[in-house]
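Reading through the structure tokens given below for one structure.
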Amino acid sequence: MRPPPGSRSAQACSRDERPVNTVFQPPSPDAAVYVISVAAELTGLHPQTLRAYERMGLIQPGRTGGGGRRYSHRDIERLREIADLTSAGIGIEGVRRIMQLELQVDALRARNEELVAELESLRSGLAARAAAQPANKLPVLHQAVGQSVVVWRRGS
């Protein structure tokens, strides 16, 4: 039984009730949710290394209102990739260049997919247009080169 409206216990009940159809949604890959200690643990790197990578421009974590770093899932994946490359003996500048090239490749792949979709659309539109036009039943005349007729008129 519900307490009478306006009483303290009624206010407490209304605060505790949650909508029935609320479904938990995981954060997006770009949502900055991990504090630096958790990010360090997930990547196997020291927090100072994460700060150094940020100073070098390899990673750009989000910030809270108070200035604390927050790392997203994409940031964690990027840090793992940096760790793999550096453990393979690649220097920081090499890592930076590899990361830039990977971004360029991703952008080019996306652009290629856009162009392929546009080409398919144009081809299907052209095929539909050709199918809608009646067939030309007139014979095609070909002119042979060098067999032209020239009319000469004498000057008067």
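Each chain in the structure tokens gets a letter, A, B, ..., in the order shown, and its residues are numbered from 1; ligands are numbered from 1 in order too.
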
Leaving out Met99 of chain A and any residue of its chain fewer than 4 positions from it, which residues lie within 9 Å of it when counting only C-alpha atoms, given as an mmCIF file with all heavy atoms, in the first residue's frame?
```cif
data_model
loop_
_atom_site.group_PDB
_atom_site.id
_atom_site.type_symbol
_atom_site.label_atom_id
_atom_site.label_comp_id
_atom_site.auth_asym_id
_atom_site.auth_seq_id
_atom_site.Cartn_x
_atom_site.Cartn_y
_atom_site.Cartn_z
ATOM 1 N N LEU A 58 50.181 11.394 -28.816
ATOM 2 C CA LEU A 58 49.759 10.085 -29.316
ATOM 3 C C LEU A 58 48.340 9.739 -28.888
ATOM 4 O O LEU A 58 47.675 8.926 -29.520
ATOM 5 C CB LEU A 58 50.719 8.995 -28.834
ATOM 6 C CG LEU A 58 52.140 9.058 -29.400
ATOM 7 C CD1 LEU A 58 53.018 8.013 -28.741
ATOM 8 C CD2 LEU A 58 52.112 8.876 -30.903
ATOM 9 N N ARG A 78 43.890 2.060 -28.630
ATOM 10 C CA ARG A 78 45.012 2.794 -29.230
ATOM 11 C C ARG A 78 46.262 2.655 -28.339
ATOM 12 O O ARG A 78 47.361 2.437 -28.844
ATOM 13 C CB ARG A 78 44.635 4.260 -29.402
ATOM 14 C CG ARG A 78 45.657 5.074 -30.156
ATOM 15 C CD ARG A 78 45.099 6.467 -30.438
ATOM 16 N NE ARG A 78 46.095 7.331 -30.993
ATOM 17 C CZ ARG A 78 46.235 7.572 -32.302
ATOM 18 N NH1 ARG A 78 45.421 7.005 -33.150
ATOM 19 N NH2 ARG A 78 47.180 8.377 -32.736
ATOM 20 N N ILE A 82 49.871 1.070 -29.325
ATOM 21 C CA ILE A 82 51.134 1.777 -29.093
ATOM 22 C C ILE A 82 52.083 0.887 -28.294
ATOM 23 O O ILE A 82 53.274 0.778 -28.616
ATOM 24 C CB ILE A 82 50.887 3.119 -28.372
ATOM 25 C CG1 ILE A 82 50.135 4.085 -29.291
ATOM 26 C CG2 ILE A 82 52.193 3.733 -27.900
ATOM 27 C CD1 ILE A 82 49.596 5.326 -28.584
ATOM 28 N N GLY A 94 58.246 6.585 -35.015
ATOM 29 C CA GLY A 94 57.761 5.529 -35.907
ATOM 30 C C GLY A 94 56.325 5.148 -35.589
ATOM 31 O O GLY A 94 55.504 4.946 -36.482
ATOM 32 N N VAL A 95 56.010 5.066 -34.304
ATOM 33 C CA VAL A 95 54.643 4.770 -33.866
ATOM 34 C C VAL A 95 53.699 5.865 -34.334
ATOM 35 O O VAL A 95 52.625 5.602 -34.871
ATOM 36 C CB VAL A 95 54.578 4.605 -32.328
ATOM 37 C CG1 VAL A 95 53.145 4.558 -31.843
ATOM 38 C CG2 VAL A 95 55.333 3.358 -31.899
ATOM 39 N N LEU A 103 45.348 5.967 -40.013
ATOM 40 C CA LEU A 103 44.196 6.868 -40.120
ATOM 41 C C LEU A 103 43.932 7.230 -41.583
ATOM 42 O O LEU A 103 42.781 7.288 -42.020
ATOM 43 C CB LEU A 103 44.420 8.129 -39.286
ATOM 44 C CG LEU A 103 44.351 7.968 -37.776
ATOM 45 C CD1 LEU A 103 44.730 9.272 -37.079
ATOM 46 C CD2 LEU A 103 42.971 7.519 -37.342
ATOM 47 N N GLN A 104 45.006 7.481 -42.340
ATOM 48 C CA GLN A 104 44.848 7.795 -43.761
ATOM 49 C C GLN A 104 44.252 6.620 -44.521
ATOM 50 O O GLN A 104 43.375 6.802 -45.367
ATOM 51 C CB GLN A 104 46.190 8.189 -44.385
ATOM 52 C CG GLN A 104 46.671 9.555 -43.996
ATOM 53 C CD GLN A 104 48.024 9.886 -44.607
ATOM 54 O OE1 GLN A 104 48.705 9.035 -45.157
ATOM 55 N NE2 GLN A 104 48.408 11.149 -44.499
#
```

Check your understanding: From the list A:Ala110, A:Ile90, A:Ile59, A:Leu126, which residue is nearest Glu77 of chain A when using only C-alpha atoms?
Key -> A:Ile59

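When only C-alpha atoms are used to compute distances to Arg80 of chain A, the closest of the residues A:Ala128, A:Leu50, A:Leu115, A:Ala135 turns out to be A:Leu50.
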
**Study point:** Backbone DSSP call of strand (DSSP E) for segment 20-153 of chain A, listed as a PyMOL selection string
**Key:** chain A and resi 62-63+69-70

Write the residues you've just listed into a file as a PDB file, in the first residue's frame, and include all heavy atoms for each of them.
```
ATOM      1  N   GLY A  62      39.714  12.360 -22.707  1.00  0.00           N
ATOM      2  CA  GLY A  62      38.758  13.381 -22.321  1.00  0.00           C
ATOM      3  C   GLY A  62      39.121  13.933 -20.953  1.00  0.00           C
ATOM      4  O   GLY A  62      39.982  13.389 -20.257  1.00  0.00           O
ATOM      5  N   ARG A  63      38.480  15.007 -20.584  1.00  0.00           N
ATOM      6  CA  ARG A  63      38.745  15.630 -19.285  1.00  0.00           C
ATOM      7  C   ARG A  63      37.438  15.843 -18.534  1.00  0.00           C
ATOM      8  O   ARG A  63      36.400  16.118 -19.137  1.00  0.00           O
ATOM      9  CB  ARG A  63      39.422  16.994 -19.459  1.00  0.00           C
ATOM     10  CG  ARG A  63      40.792  16.956 -20.081  1.00  0.00           C
ATOM     11  CD  ARG A  63      41.796  16.488 -19.075  1.00  0.00           C
ATOM     12  NE  ARG A  63      43.132  16.475 -19.663  1.00  0.00           N
ATOM     13  CZ  ARG A  63      44.229  16.438 -18.956  1.00  0.00           C
ATOM     14  NH1 ARG A  63      44.169  16.418 -17.637  1.00  0.00           N
ATOM     15  NH2 ARG A  63      45.396  16.391 -19.527  1.00  0.00           N
ATOM     16  N   ARG A  69      41.749  13.077 -16.148  1.00  0.00           N
ATOM     17  CA  ARG A  69      41.714  12.377 -17.434  1.00  0.00           C
ATOM     18  C   ARG A  69      40.679  11.264 -17.406  1.00  0.00           C
ATOM     19  O   ARG A  69      40.554  10.554 -16.424  1.00  0.00           O
ATOM     20  CB  ARG A  69      43.086  11.783 -17.747  1.00  0.00           C
ATOM     21  CG  ARG A  69      44.155  12.800 -17.999  1.00  0.00           C
ATOM     22  CD  ARG A  69      45.523  12.113 -18.083  1.00  0.00           C
ATOM     23  NE  ARG A  69      46.580  13.056 -18.375  1.00  0.00           N
ATOM     24  CZ  ARG A  69      47.200  13.795 -17.472  1.00  0.00           C
ATOM     25  NH1 ARG A  69      46.858  13.697 -16.197  1.00  0.00           N
ATOM     26  NH2 ARG A  69      48.152  14.632 -17.807  1.00  0.00           N
ATOM     27  N   ARG A  70      40.004  11.100 -18.540  1.00  0.00           N
ATOM     28  CA  ARG A  70      39.067   9.985 -18.725  1.00  0.00           C
ATOM     29  C   ARG A  70      39.343   9.380 -20.094  1.00  0.00           C
ATOM     30  O   ARG A  70      39.373  10.078 -21.102  1.00  0.00           O
ATOM     31  CB  ARG A  70      37.611  10.452 -18.662  1.00  0.00           C
ATOM     32  CG  ARG A  70      37.159  10.937 -17.312  1.00  0.00           C
ATOM     33  CD  ARG A  70      37.070   9.790 -16.304  1.00  0.00           C
ATOM     34  NE  ARG A  70      36.498  10.213 -15.044  1.00  0.00           N
ATOM     35  CZ  ARG A  70      37.179  10.645 -14.010  1.00  0.00           C
ATOM     36  NH1 ARG A  70      38.491  10.735 -14.095  1.00  0.00           N
ATOM     37  NH2 ARG A  70      36.588  10.985 -12.902  1.00  0.00           N
TER      38      ARG A  70
END
```

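The closest residue to Ile92 of chain A, picked from A:Gly57, A:Gly66, A:Pro134, A:Pro27 and counting only C-alpha atoms, is A:Gly57.
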
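Close contacts of Ser28 of chain A, defined as residues with an atom at most 10 Å away when counting only C-alpha atoms, with chain neighbours fewer than 5 positions off set aside, comprise Val33, Ser72, His73 and Arg74 of chain A.
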
Review point. Please, what distance in Å, to one decimal, runs between atom CA of Tyr71 of chain A and atom CA of Ala31 of chain A?
Key: 7.8 Å

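Note that the spacing between atom CA of Gln100 of chain A and atom CA of Glu118 of chain A amounts to 27.1 Å.
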